[in-house]
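Just entry-v3.txt here, compact mmCIF, C-alpha atoms:
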```
# COMPACT_ATOMS: atom_id res chain seq x y z
CA MET A 758 -25.43 -54.28 15.56
CA ALA A 759 -27.27 -56.96 17.52
CA THR A 760 -25.48 -59.20 19.95
CA GLU A 761 -24.48 -62.54 18.49
CA THR A 762 -26.45 -65.50 19.75
CA ARG A 763 -24.68 -68.38 21.45
CA GLU A 764 -25.21 -70.58 18.37
CA ALA A 765 -23.47 -68.02 16.13
CA VAL A 766 -20.38 -67.60 18.30
CA LYS A 767 -17.30 -69.46 17.16
CA SER A 768 -14.66 -69.70 19.87
CA ILE A 769 -11.65 -71.79 20.74
CA VAL A 770 -13.17 -72.77 24.09
CA PRO A 771 -16.75 -74.05 23.70
CA SER A 772 -17.89 -72.18 26.84
CA MET A 773 -21.43 -72.87 28.03
CA VAL A 774 -21.82 -70.47 30.97
CA LEU A 775 -19.79 -67.95 32.96
CA SER A 776 -19.73 -70.04 36.13
CA HIS A 777 -17.49 -68.46 38.75
CA GLY A 778 -14.78 -66.05 39.86
CA THR A 779 -12.45 -66.00 42.84
CA LEU A 780 -11.27 -63.61 45.50
CA ILE A 781 -9.20 -63.74 48.68
CA CYS A 782 -10.38 -63.53 52.27
CA GLN A 783 -8.38 -63.51 55.50
CA ASP A 784 -10.86 -64.83 58.05
CA MET A 785 -13.59 -67.14 56.75
CA ASN A 786 -15.93 -66.52 59.70
CA LYS A 787 -15.72 -62.71 59.62
CA THR A 788 -15.98 -62.65 55.83
CA ARG A 789 -18.98 -65.01 55.84
CA LYS A 790 -20.71 -62.78 58.39
CA PHE A 791 -20.15 -59.73 56.13
CA TYR A 792 -21.39 -61.60 53.04
CA THR A 793 -24.55 -62.98 54.70
CA GLU A 794 -25.53 -60.30 57.22
CA PHE A 795 -24.45 -57.16 55.37
CA LEU A 796 -24.65 -58.05 51.66
CA GLY A 797 -27.37 -60.72 51.89
CA LEU A 798 -25.45 -63.31 49.86
CA GLU A 799 -26.02 -67.06 49.98
CA VAL A 800 -22.82 -68.71 51.30
CA VAL A 801 -21.73 -72.34 51.52
CA ARG A 802 -18.42 -73.73 52.69
CA HIS A 803 -17.24 -76.34 50.23
CA GLY A 804 -13.64 -76.80 51.34
CA LYS A 805 -11.42 -76.21 54.34
CA PRO A 806 -9.80 -73.05 52.95
CA ALA A 807 -12.71 -71.88 50.78
CA MET A 808 -16.38 -70.97 50.53
CA MET A 809 -18.71 -70.05 47.66
CA PHE A 810 -21.23 -67.25 47.48
CA ARG A 811 -23.94 -66.27 45.04
CA LEU A 812 -27.09 -64.22 44.73
CA GLY A 813 -29.86 -64.63 42.22
CA THR A 814 -27.87 -66.28 39.44
CA GLY A 815 -26.18 -69.57 38.65
CA MET A 816 -22.78 -67.85 38.78
CA HIS A 817 -20.88 -68.07 42.04
CA VAL A 818 -17.68 -66.66 43.48
CA VAL A 819 -15.17 -68.68 45.47
CA ALA A 820 -13.56 -66.93 48.44
CA VAL A 821 -10.23 -68.57 49.23
CA GLN A 822 -8.60 -67.98 52.60
CA SER A 823 -5.12 -66.47 52.56
CA SER A 824 -3.10 -64.69 55.22
CA LYS A 825 -1.96 -62.08 52.66
CA PRO A 826 -4.87 -60.38 50.90
CA THR A 827 -4.18 -58.57 47.67
CA PRO A 828 -5.70 -55.09 47.59
CA MET A 829 -8.21 -54.77 44.76
CA HIS A 830 -8.45 -51.54 42.75
CA VAL A 831 -11.89 -49.91 42.93
CA LEU A 832 -12.33 -50.35 39.16
CA HIS A 833 -11.95 -54.09 39.78
CA HIS A 834 -14.96 -54.66 41.99
CA TRP A 835 -17.96 -56.88 42.65
CA GLY A 836 -21.46 -55.49 42.25
CA VAL A 837 -24.79 -56.08 43.93
CA ASP A 838 -28.01 -54.53 42.64
CA VAL A 839 -30.84 -53.18 44.76
CA ALA A 840 -34.38 -52.31 43.68
CA THR A 841 -34.46 -48.51 44.26
CA LYS A 842 -32.35 -45.41 44.79
CA ALA A 843 -33.73 -45.29 48.34
CA GLU A 844 -32.25 -48.74 48.97
CA VAL A 845 -28.84 -47.49 47.79
CA GLU A 846 -29.12 -44.61 50.25
CA GLU A 847 -30.18 -46.92 53.07
CA ALA A 848 -27.32 -49.33 52.29
CA HIS A 849 -24.89 -46.39 52.35
CA GLU A 850 -26.22 -45.23 55.73
CA ASN A 851 -25.89 -48.79 57.05
CA ALA A 852 -22.37 -49.12 55.70
CA LEU A 853 -21.41 -46.05 57.72
CA LYS A 854 -23.36 -47.25 60.76
CA TYR A 855 -21.91 -50.78 60.75
CA GLN A 856 -18.46 -49.99 59.36
CA ASP A 857 -16.58 -51.10 62.48
CA GLN A 858 -18.79 -54.14 63.13
CA TYR A 859 -18.12 -55.60 59.66
CA GLY A 860 -14.56 -54.37 59.21
CA ILE A 861 -15.43 -52.15 56.25
CA GLN A 862 -12.26 -50.26 55.31
CA LYS A 863 -13.53 -47.47 53.04
CA ILE A 864 -16.92 -46.14 51.96
CA MET A 865 -17.24 -43.78 49.00
CA ASN A 866 -20.00 -41.22 48.51
CA ILE A 867 -23.08 -42.07 46.47
CA THR A 868 -22.81 -41.04 42.81
CA ASP A 869 -25.21 -40.90 39.90
CA GLN A 870 -23.16 -41.65 36.81
CA HIS A 871 -23.68 -43.40 33.46
CA GLY A 872 -27.24 -44.32 34.41
CA VAL A 873 -26.22 -45.98 37.67
CA TYR A 874 -26.94 -44.71 41.18
CA SER A 875 -24.39 -46.33 43.47
CA PHE A 876 -21.57 -46.25 45.98
CA TYR A 877 -18.46 -48.34 46.53
CA LEU A 878 -17.11 -49.85 49.71
CA GLN A 879 -13.93 -51.76 50.51
CA ASP A 880 -14.44 -54.81 52.72
CA LEU A 881 -12.26 -56.28 55.46
CA ASP A 882 -10.34 -58.32 52.85
CA LEU A 883 -9.57 -55.23 50.70
CA ASN A 884 -12.10 -56.25 48.02
CA TRP A 885 -14.27 -53.50 46.51
CA TRP A 886 -18.07 -53.76 46.22
CA GLU A 887 -20.51 -51.54 44.35
CA VAL A 888 -24.06 -51.32 45.67
CA GLN A 889 -26.13 -50.02 42.78
CA TYR A 890 -29.53 -49.20 41.40
CA ALA A 891 -29.27 -49.74 37.66
CA PRO A 892 -32.72 -50.47 36.26
CA ASN A 893 -32.51 -52.77 33.24
CA GLN A 894 -28.87 -51.84 32.66
CA HIS A 895 -27.60 -55.35 32.18
CA ASP A 896 -30.18 -56.59 29.67
CA ASP A 897 -30.42 -53.22 27.92
CA CYS A 898 -26.68 -53.17 27.22
CA PHE A 899 -26.63 -56.65 25.74
CA ASN A 900 -29.88 -56.12 23.84
CA ALA A 901 -28.44 -52.95 22.25
CA GLY A 902 -25.26 -54.73 21.17
CA ASP A 903 -22.11 -52.77 20.31
CA ILE A 904 -22.96 -49.08 20.27
CA ILE A 905 -19.31 -48.00 20.17
CA PRO A 906 -17.28 -49.34 17.24
CA TRP A 907 -14.31 -51.58 17.93
CA ASP A 908 -11.04 -50.10 16.65
CA ASP A 909 -9.12 -53.14 15.50
```
What would the structure in this file look like if it were written as structure tokens?
Amino acid sequence: MATETREAVKSIVPSMVLSHGTLICQDMNKTRKFYTEFLGLEVVRHGKPAMMFRLGTGMHVVAVQSSKPTPMHVLHHWGVDVATKAEVEEAHENALKYQDQYGIQKIMNITDQHGVYSFYLQDLDLNWWEVQYAPNQHDDCFNAGDIIPWDD
């Protein structure tokens, strides 16, 4: 079954675009350094207790400063894509190399599962990140539509 087009979707909220998400950070300066220097994200500070980051899309994430971070489960994570498997491996090596410098809490091994070559790391604010090589995964999934039936 093909994915419904925006014109065909009938919803209660007339949503136009998935615009943003939020997460918690403890120290804006240390977190910004991790986002820009380690992950390569574009970061702007738009408020005293908050900053936004993005990379390659119109969607952005707001990082709000809080003295009490909430640990994120690894299945609830943020993802960044790289161009090759070799770049995943290099990022993994650099995560290990710079773990103390950027306050990285945990680094998982690289895995090759469900068509994705990746690893997860937990940042200084207890948020999980997946660094992945997933060629065409995003568009291919939506272009294929539902391949597993919904059990309503």
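Distance check against Lys787 (chain A) using only C-alpha atoms: of A:Gln858, A:Gln889, A:Asn851, A:Asn900, the minimum falls on A:Gln858.
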- [ ] Quick one: everything within 10 Å of Pro828 (chain A), counting all atoms listed in the file, minus sequence neighbours fewer than 3 positions away in the same chain. Send it as an MDAnalysis selection string.
- [x] chainID A and resid 781 825 831 879 882:885
Task: Point (-10.2, -74.4, 55.7), cut-off 9 Å, counting all atoms listed in the file, residues as a PyMOL selection string - done: chain A and resi 785+802+804-808+821-822
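With only C-alpha atoms as the atoms that count, the residue of A:Asp784, A:Asp838, A:Glu794, A:Glu846 with the shortest distance to Trp886 (chain A) is A:Asp838.
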Around all listed atoms of region 834-850 of chain A, padded 6 Å per side, what centre and edge lengths does the axis-aligned box have in Å to one decimal, as lines of an AutoDock Vina configuration file?
```
center_x = -24.7
center_y = -50.7
center_z = 48.9
size_x = 31.5
size_y = 24.3
size_z = 25.7
```
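With distances restricted to all atoms listed in the file, A:Thr788 is the closest residue to Asp880 (chain A) from A:Ser768, A:Ser776, A:Ser823, A:Thr788.
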TODO: Skip Glu850 (chain A) itself and residues of its chain fewer than 5 positions away, then list as a list in words all residues within 12 Å of it, counting all atoms listed in the file.
DONE: Ala843, Glu844, Val845, Tyr855, Gln856, Ile864, Met865, Asn866, Ile867, Phe876, Leu878 and Val888 of chain A
Open item on the list: Could you list, as a ChimeraX atom specification, every residue within 9 Å of Lys842 (chain A), counting all atoms listed in the file and ignoring same-chain residues fewer than 4 positions away?
Closed with: /A:846-847,874-875,889-891
TODO: Skip Leu775 (chain A) itself and residues of its chain fewer than 4 positions away, then list as a ChimeraX atom specification all residues within 12 Å of it, counting all atoms listed in the file.
DONE: /A:771,814-818
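Atom pair CA of Tyr877 (chain A) / CA of Leu853 (chain A) has a distance of 11.8 Å (rounded to one decimal).
When CA of Tyr859 (chain A) is paired with CA of Phe795 (chain A), their separation reads 7.8 Å.
Atom pair CA of Pro892 (chain A) / CA of His871 (chain A) has a distance of 11.8 Å (rounded to one decimal).
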TODO: Return the single residue from A:Pro826, A:Lys863, A:Asp903, A:Ala840 that is closest to Cys782 (chain A), with distances computed using only C-alpha atoms.
DONE: A:Pro826
